[in-house]
$ cat target-v6.cif   # mmCIF, C-alpha atoms
data_structure
loop_
_atom_site.label_atom_id
_atom_site.label_comp_id
_atom_site.auth_asym_id
_atom_site.auth_seq_id
_atom_site.Cartn_x
_atom_site.Cartn_y
_atom_site.Cartn_z
CA MET A 270 -77.71 33.55 6.64
CA SER A 271 -77.92 35.79 3.58
CA SER A 272 -75.51 36.83 0.88
CA GLY A 273 -72.19 38.31 1.91
CA LEU A 274 -68.53 38.92 1.18
CA ILE A 275 -65.17 38.92 2.94
CA GLY A 276 -63.48 42.22 3.74
CA LYS A 277 -60.67 43.83 5.68
CA LYS A 278 -61.12 46.76 8.02
CA VAL A 279 -59.12 49.78 6.84
CA GLY A 280 -60.09 52.44 9.35
CA MET A 281 -62.69 55.05 10.24
CA THR A 282 -63.48 58.47 8.87
CA ASN A 283 -66.53 60.69 8.45
CA VAL A 284 -68.59 61.81 5.46
CA PHE A 285 -71.41 64.24 4.71
CA ASP A 286 -74.78 63.13 3.37
CA ASP A 287 -76.96 65.05 0.92
CA ASN A 288 -78.52 67.01 3.78
CA GLY A 289 -75.15 68.16 5.10
CA ARG A 290 -75.23 65.83 8.10
CA ASN A 291 -71.81 64.54 9.15
CA TYR A 292 -71.60 60.94 10.37
CA ALA A 293 -68.92 58.36 11.12
CA VAL A 294 -68.21 55.52 8.72
CA THR A 295 -65.87 52.55 8.59
CA VAL A 296 -63.86 51.90 5.44
CA ILE A 297 -63.68 48.22 4.45
CA GLU A 298 -61.55 46.78 1.68
CA VAL A 299 -63.56 44.11 -0.12
CA ALA A 300 -61.17 42.35 -2.48
CA PRO A 301 -62.66 40.11 -5.20
CA CYS A 302 -63.88 36.95 -3.45
CA VAL A 303 -63.22 33.73 -5.34
CA ILE A 304 -65.83 30.98 -5.21
CA THR A 305 -63.87 27.94 -4.07
CA GLN A 306 -66.81 25.59 -3.48
CA ILE A 307 -70.57 25.46 -3.99
CA LYS A 308 -72.58 23.19 -1.72
CA THR A 309 -76.05 21.98 -2.64
CA ALA A 310 -78.82 20.14 -0.82
CA GLU A 311 -78.35 17.12 -3.08
CA THR A 312 -74.66 16.64 -2.37
CA ASP A 313 -74.13 18.21 1.07
CA GLY A 314 -77.55 18.42 2.67
CA TYR A 315 -77.66 22.22 2.61
CA GLU A 316 -76.93 25.13 0.30
CA ALA A 317 -73.93 27.36 0.73
CA VAL A 318 -71.10 29.04 -1.11
CA GLN A 319 -67.49 29.04 0.08
CA LEU A 320 -65.57 32.23 -0.63
CA ALA A 321 -61.86 32.99 -0.31
CA ALA A 322 -60.11 36.36 -0.45
CA PHE A 323 -56.73 38.07 -0.11
CA ASP A 324 -53.69 36.30 -1.58
CA LYS A 325 -51.32 34.25 0.55
CA LYS A 326 -47.91 32.75 -0.17
CA ALA A 327 -48.13 29.12 -1.26
CA LYS A 328 -45.30 28.11 1.11
CA ASN A 329 -47.49 29.07 4.08
CA VAL A 330 -50.46 26.94 3.01
CA SER A 331 -50.96 23.26 3.84
CA LYS A 332 -51.00 20.74 1.00
CA PRO A 333 -54.69 19.85 1.43
CA LEU A 334 -55.62 23.53 1.13
CA LEU A 335 -53.30 23.97 -1.85
CA GLY A 336 -55.13 21.14 -3.57
CA HIS A 337 -58.46 22.73 -2.69
CA PHE A 338 -57.40 26.07 -4.21
CA ASP A 339 -55.92 24.36 -7.28
CA LYS A 340 -59.22 22.56 -7.86
CA ALA A 341 -60.96 25.94 -7.86
CA GLY A 342 -58.34 27.37 -10.20
CA THR A 343 -57.20 30.14 -7.91
CA ALA A 344 -54.12 31.19 -5.97
CA PRO A 345 -53.94 30.44 -2.22
CA LYS A 346 -55.97 32.81 -0.09
CA LYS A 347 -55.68 34.01 3.49
CA TYR A 348 -59.33 33.90 4.53
CA VAL A 349 -61.93 31.28 3.65
CA LYS A 350 -65.55 31.58 4.77
CA GLU A 351 -68.76 29.71 4.02
CA PHE A 352 -71.99 31.66 3.56
CA ARG A 353 -75.07 29.53 4.21
CA ASP A 354 -78.18 29.64 2.00
CA PHE A 355 -76.39 31.78 -0.58
CA ILE A 356 -75.66 30.54 -4.08
CA PRO A 357 -75.07 33.43 -6.51
CA GLU A 358 -76.91 32.91 -9.77
CA GLY A 359 -74.79 32.68 -12.90
CA PHE A 360 -71.53 32.07 -11.02
CA GLU A 361 -69.45 28.90 -10.90
CA VAL A 362 -66.46 27.63 -8.92
CA GLY A 363 -63.45 29.80 -9.75
CA ASP A 364 -65.47 32.92 -10.54
CA GLU A 365 -65.02 36.14 -8.58
CA LEU A 366 -67.65 38.08 -6.65
CA ASN A 367 -67.12 41.83 -6.39
CA ILE A 368 -68.77 44.46 -4.20
CA GLU A 369 -71.30 45.53 -6.80
CA ASP A 370 -72.39 41.92 -7.32
CA VAL A 371 -73.72 41.71 -3.76
CA PHE A 372 -74.11 45.20 -2.26
CA THR A 373 -75.59 48.51 -3.29
CA VAL A 374 -75.60 51.88 -1.54
CA GLY A 375 -78.33 51.98 1.09
CA ASP A 376 -78.30 48.25 1.88
CA SER A 377 -78.58 47.18 5.50
CA VAL A 378 -75.70 44.88 6.50
CA ASP A 379 -74.36 42.98 9.50
CA VAL A 380 -70.60 42.91 10.06
CA THR A 381 -68.91 40.12 12.01
CA GLY A 382 -65.31 40.18 13.21
CA VAL A 383 -62.97 39.54 16.12
CA THR A 384 -62.79 42.35 18.65
CA LYS A 385 -59.59 43.97 19.81
CA GLY A 386 -57.70 41.91 22.35
CA LYS A 387 -56.99 43.79 25.58
CA GLY A 388 -55.04 41.13 27.43
CA PHE A 389 -55.52 40.22 31.08
CA THR A 390 -57.69 42.91 32.65
CA GLY A 391 -59.20 43.54 36.06
CA VAL A 392 -62.88 43.75 36.92
CA VAL A 393 -63.00 47.55 36.67
CA LYS A 394 -61.95 47.53 33.02
CA ARG A 395 -63.50 44.20 32.07
CA TYR A 396 -66.95 44.54 33.68
CA ASN A 397 -67.12 48.23 34.60
CA PHE A 398 -66.96 47.56 38.34
CA SER A 399 -66.64 50.73 40.40
CA GLY A 400 -64.05 49.34 42.81
CA VAL A 401 -64.28 50.07 46.53
CA GLY A 402 -64.49 53.81 45.99
CA GLU A 403 -62.83 55.84 48.71
CA ALA A 404 -60.06 54.24 50.76
CA THR A 405 -62.22 53.46 53.78
CA HIS A 406 -62.82 50.44 55.99
CA GLY A 407 -59.22 49.37 55.76
CA GLN A 408 -59.14 49.31 51.90
CA HIS A 409 -56.07 51.48 51.64
CA ASN A 410 -54.60 49.73 48.54
CA ARG A 411 -57.50 47.86 46.95
CA GLN A 412 -59.41 50.54 45.02
CA ARG A 413 -59.65 48.44 41.82
CA HIS A 414 -60.13 45.00 43.39
CA PRO A 415 -63.39 43.03 43.11
CA GLY A 416 -63.96 42.68 46.84
CA SER A 417 -65.58 39.60 48.38
CA ILE A 418 -66.43 36.93 45.81
CA GLY A 419 -67.27 33.81 47.85
CA GLN A 420 -70.17 32.55 49.92
CA ALA A 421 -70.39 31.78 53.60
CA SER A 422 -69.30 28.48 55.15
CA ASP A 423 -72.19 26.96 53.23
CA PRO A 424 -71.58 26.36 50.30
CA SER A 425 -67.99 27.51 50.88
CA ARG A 426 -67.17 27.96 47.24
CA VAL A 427 -67.28 30.42 44.37
CA PHE A 428 -70.08 29.71 41.90
CA PRO A 429 -69.18 29.29 38.21
CA GLY A 430 -69.71 32.35 36.05
CA MET A 431 -68.59 34.84 38.68
CA LYS A 432 -67.38 38.07 37.07
CA MET A 433 -63.66 38.16 37.80
CA ALA A 434 -60.44 39.36 36.23
CA GLY A 435 -59.33 37.60 33.07
CA ARG A 436 -58.70 37.91 29.37
CA SER A 437 -60.73 40.67 27.76
CA GLY A 438 -61.60 41.09 24.11
CA ASN A 439 -60.41 38.92 21.20
CA GLU A 440 -63.89 37.46 20.76
CA ARG A 441 -66.19 37.18 17.76
CA ALA A 442 -68.81 39.91 17.69
CA LYS A 443 -71.48 41.02 15.27
CA ILE A 444 -72.63 44.60 14.70
CA LYS A 445 -76.12 44.59 13.21
CA ASN A 446 -78.10 46.89 10.97
CA LEU A 447 -75.37 49.08 9.54
CA THR A 448 -75.93 50.91 6.25
CA VAL A 449 -73.76 50.90 3.14
CA ALA A 450 -72.90 54.59 2.75
CA LYS A 451 -70.60 54.58 -0.28
CA ILE A 452 -69.06 52.07 -2.69
CA PHE A 453 -65.84 52.62 -4.63
CA ALA A 454 -65.86 49.63 -6.97
CA GLU A 455 -62.67 50.61 -8.81
CA SER A 456 -60.75 50.64 -5.52
CA ASN A 457 -62.50 47.62 -3.93
CA LEU A 458 -63.61 49.82 -1.04
CA MET A 459 -66.92 50.37 0.70
CA MET A 460 -68.04 52.54 3.59
CA VAL A 461 -70.57 51.45 6.21
CA THR A 462 -72.08 53.66 8.88
CA GLY A 463 -70.82 53.24 12.43
CA SER A 464 -68.03 51.05 13.72
CA VAL A 465 -67.18 47.39 13.14
CA PRO A 466 -65.34 44.92 15.40
CA GLY A 467 -61.57 44.59 15.49
CA PRO A 468 -58.47 46.67 14.82
CA ASN A 469 -57.47 48.04 11.44
CA GLY A 470 -56.24 45.31 9.13
CA ARG A 471 -58.39 42.52 10.60
CA PHE A 472 -60.69 40.46 8.38
CA VAL A 473 -64.45 40.86 8.69
CA GLU A 474 -67.50 39.20 7.20
CA ILE A 475 -70.19 41.41 5.71
CA TYR A 476 -73.71 39.97 5.47
CA ASN A 477 -76.56 41.48 3.50
CA ARG A 478 -79.67 41.57 5.70
#

$ encode --input "target-v6.cif" --output "structure tokens"
Amino acid sequence: MSSGLIGKKVGMTNVFDDNGRNYAVTVIEVAPCVITQIKTAETDGYEAVQLAAFDKKAKNVSKPLLGHFDKAGTAPKKYVKEFRDFIPEGFEVGDELNIEDVFTVGDSVDVTGVTKGKGFTGVVKRYNFSGVGEATHGQHNRQRHPGSIGQASDPSRVFPGMKMAGRSGNERAKIKNLTVAKIFAESNLMMVTGSVPGPNGRFVEIYNR
């Protein structure tokens, strides 16, 4: 992994570049990330930094986590994430990392988040099946059904991994090779080209490539 920060998806809009080209961007709120722990090869066997962002009420935090935040000298946070092989120089536990400390305009980034949950869906929506098409061969009410899924009398079972109806979405996904289009440091906002996983208001992790 490389350096990164924690953010929250705000929404999408579009901007113009210097050549007048209009392109879609996603606005991400990147609040100051507090360093709550620094791991080193000597003490933990690997190097990493643990970041926390976005305040949370103390009554909704477990006592072990409260002690962890108190040790770092910060208020309880909603989202805690460890970034491997990243130890910012000149920073200690309790310090804050801001957008401009990690990212600059033009950087290539990867954004990881949890996709939108779509509930229990059929095979047409979940796997882009075409259904049975026209209502022929007796399929008068099964246009969106998967059709035959099993084998013959041997082996007389459905193999694991068969594409069937089920829960769709609500899974971790990473969008790679996006570009930082704009940074508004005073507002803790940044824009990246393209779309990122999840609905508005969901936390994301932004990694510098």

$ resolve_selection --input "target-v6.cif" --expression "the PyMOL selection byres ((chain A and resi 367) around 8)" --output "list in words"
Val299, Ala300, Pro301, Cys302, Glu365, Leu366, Ile368, Glu369, Asp370, Val371, Ala454 and Asn457 of chain A

$ write_last_selection --input "target-v6.cif" --atoms "C-alpha atoms" --output "mmCIF file, keeping the file's coordinate frame"
data_model
loop_
_atom_site.group_PDB
_atom_site.id
_atom_site.type_symbol
_atom_site.label_atom_id
_atom_site.label_comp_id
_atom_site.auth_asym_id
_atom_site.auth_seq_id
_atom_site.Cartn_x
_atom_site.Cartn_y
_atom_site.Cartn_z
ATOM 1 C CA VAL A 299 -63.560 44.110 -0.120
ATOM 2 C CA ALA A 300 -61.170 42.350 -2.480
ATOM 3 C CA PRO A 301 -62.660 40.110 -5.200
ATOM 4 C CA CYS A 302 -63.880 36.950 -3.450
ATOM 5 C CA GLU A 365 -65.020 36.140 -8.580
ATOM 6 C CA LEU A 366 -67.650 38.080 -6.650
ATOM 7 C CA ILE A 368 -68.770 44.460 -4.200
ATOM 8 C CA GLU A 369 -71.300 45.530 -6.800
ATOM 9 C CA ASP A 370 -72.390 41.920 -7.320
ATOM 10 C CA VAL A 371 -73.720 41.710 -3.760
ATOM 11 C CA ALA A 454 -65.860 49.630 -6.970
ATOM 12 C CA ASN A 457 -62.500 47.620 -3.930
#

$ closest_residue --input "target-v6.cif" --among "A:Gly336, A:Gly382, A:Gly438, A:Gly314" --to "Ser464 in chain A" --atoms "all atoms listed in the file"
A:Gly382

$ residues_around --input "target-v6.cif" --residues "Val374 in chain A" --least-positions-apart "5" --cutoff "6 Å" --atoms "only C-alpha atoms" --output "PDB file with C-alpha atoms, keeping the file's coordinate frame"
ATOM      1  CA  VAL A 449     -73.760  50.900   3.140  1.00  0.00           C
ATOM      2  CA  ALA A 450     -72.900  54.590   2.750  1.00  0.00           C
ATOM      3  CA  LYS A 451     -70.600  54.580  -0.280  1.00  0.00           C
TER       4      LYS A 451
END

$ resolve_selection --input "target-v6.cif" --expression "the PyMOL selection byres ((chain A and resi 315) around 12)" --output "list of chain:residue names"
A:Ile307, A:Lys308, A:Thr309, A:Ala310, A:Glu311, A:Thr312, A:Asp313, A:Gly314, A:Glu316, A:Ala317, A:Val318, A:Glu351, A:Phe352, A:Arg353, A:Asp354, A:Phe355, A:Ile356

$ write_last_selection --input "target-v6.cif" --atoms "C-alpha atoms" --output "tab-separated table (two decimals), keeping the file's coordinate frame"
chain	number	residue	atom	x	y	z
A	307	ILE	CA	-70.57	25.46	-3.99
A	308	LYS	CA	-72.58	23.19	-1.72
A	309	THR	CA	-76.05	21.98	-2.64
A	310	ALA	CA	-78.82	20.14	-0.82
A	311	GLU	CA	-78.35	17.12	-3.08
A	312	THR	CA	-74.66	16.64	-2.37
A	313	ASP	CA	-74.13	18.21	1.07
A	314	GLY	CA	-77.55	18.42	2.67
A	316	GLU	CA	-76.93	25.13	0.30
A	317	ALA	CA	-73.93	27.36	0.73
A	318	VAL	CA	-71.10	29.04	-1.11
A	351	GLU	CA	-68.76	29.71	4.02
A	352	PHE	CA	-71.99	31.66	3.56
A	353	ARG	CA	-75.07	29.53	4.21
A	354	ASP	CA	-78.18	29.64	2.00
A	355	PHE	CA	-76.39	31.78	-0.58
A	356	ILE	CA	-75.66	30.54	-4.08

$ closest_residue --input "target-v6.cif" --among "A:Phe338, A:Phe428, A:Phe389, A:Phe285" --to "Ala322 in chain A" --atoms "only C-alpha atoms"
A:Phe338

$ build_atoms --input "target-v6.cif" --residues "range 278-289 of chain A" --atoms "all heavy atoms" --output "short mmCIF file (atom, residue, chain, number, x, y, z; two decimals), in the coordinates of the input"
data_model
loop_
_atom_site.label_atom_id
_atom_site.label_comp_id
_atom_site.auth_asym_id
_atom_site.auth_seq_id
_atom_site.Cartn_x
_atom_site.Cartn_y
_atom_site.Cartn_z
N LYS A 278 -60.91 45.43 7.46
CA LYS A 278 -61.12 46.76 8.02
C LYS A 278 -59.92 47.66 7.73
O LYS A 278 -58.78 47.29 8.01
CB LYS A 278 -61.35 46.66 9.52
CG LYS A 278 -61.64 47.99 10.21
CD LYS A 278 -61.95 47.79 11.68
CE LYS A 278 -62.17 49.12 12.38
NZ LYS A 278 -62.49 48.95 13.82
N VAL A 279 -60.19 48.82 7.16
CA VAL A 279 -59.12 49.78 6.84
C VAL A 279 -59.00 50.84 7.91
O VAL A 279 -57.91 51.18 8.36
CB VAL A 279 -59.38 50.43 5.46
CG1 VAL A 279 -58.32 51.49 5.17
CG2 VAL A 279 -59.39 49.38 4.36
N GLY A 280 -60.12 51.39 8.34
CA GLY A 280 -60.09 52.44 9.35
C GLY A 280 -61.42 53.18 9.35
O GLY A 280 -62.36 52.82 8.66
N MET A 281 -61.47 54.26 10.13
CA MET A 281 -62.69 55.05 10.24
C MET A 281 -62.45 56.47 9.77
O MET A 281 -61.33 57.00 9.84
CB MET A 281 -63.22 55.06 11.68
CG MET A 281 -63.71 53.72 12.18
SD MET A 281 -64.71 53.84 13.68
CE MET A 281 -66.20 54.64 13.06
N THR A 282 -63.51 57.07 9.28
CA THR A 282 -63.48 58.47 8.87
C THR A 282 -64.90 59.01 8.99
O THR A 282 -65.75 58.37 9.62
CB THR A 282 -62.95 58.62 7.43
OG1 THR A 282 -62.86 60.01 7.10
CG2 THR A 282 -63.84 57.91 6.43
N ASN A 283 -65.17 60.17 8.44
CA ASN A 283 -66.53 60.69 8.45
C ASN A 283 -66.86 61.30 7.10
O ASN A 283 -65.98 61.76 6.37
CB ASN A 283 -66.76 61.70 9.58
CG ASN A 283 -65.71 62.79 9.59
OD1 ASN A 283 -65.49 63.46 8.59
ND2 ASN A 283 -65.04 62.97 10.71
N VAL A 284 -68.12 61.28 6.74
CA VAL A 284 -68.59 61.81 5.46
C VAL A 284 -69.84 62.64 5.70
O VAL A 284 -70.46 62.57 6.76
CB VAL A 284 -68.89 60.68 4.46
CG1 VAL A 284 -67.63 59.90 4.12
CG2 VAL A 284 -69.97 59.75 5.00
N PHE A 285 -70.20 63.42 4.68
CA PHE A 285 -71.41 64.24 4.71
C PHE A 285 -72.44 63.61 3.79
O PHE A 285 -72.12 63.15 2.69
CB PHE A 285 -71.12 65.68 4.26
CG PHE A 285 -70.30 66.46 5.25
CD1 PHE A 285 -68.92 66.47 5.17
CD2 PHE A 285 -70.91 67.20 6.25
CE1 PHE A 285 -68.15 67.19 6.06
CE2 PHE A 285 -70.16 67.92 7.15
CZ PHE A 285 -68.79 67.92 7.07
N ASP A 286 -73.71 63.61 4.24
CA ASP A 286 -74.78 63.13 3.37
C ASP A 286 -75.34 64.29 2.56
O ASP A 286 -74.85 65.42 2.62
CB ASP A 286 -75.86 62.42 4.17
CG ASP A 286 -76.53 63.34 5.18
OD1 ASP A 286 -76.33 64.57 5.11
OD2 ASP A 286 -77.27 62.83 6.05
N ASP A 287 -76.38 64.02 1.79
CA ASP A 287 -76.96 65.05 0.92
C ASP A 287 -77.58 66.19 1.70
O ASP A 287 -77.77 67.29 1.15
CB ASP A 287 -78.02 64.41 0.00
CG ASP A 287 -77.41 63.38 -0.94
OD1 ASP A 287 -76.20 63.50 -1.23
OD2 ASP A 287 -78.14 62.47 -1.39
N ASN A 288 -77.92 65.96 2.95
CA ASN A 288 -78.52 67.01 3.78
C ASN A 288 -77.48 67.77 4.60
O ASN A 288 -77.84 68.59 5.43
CB ASN A 288 -79.56 66.40 4.72
CG ASN A 288 -80.70 65.75 3.96
OD1 ASN A 288 -81.15 66.28 2.94
ND2 ASN A 288 -81.16 64.60 4.44
N GLY A 289 -76.20 67.47 4.38
CA GLY A 289 -75.15 68.16 5.10
C GLY A 289 -74.86 67.59 6.47
O GLY A 289 -74.10 68.19 7.24
#
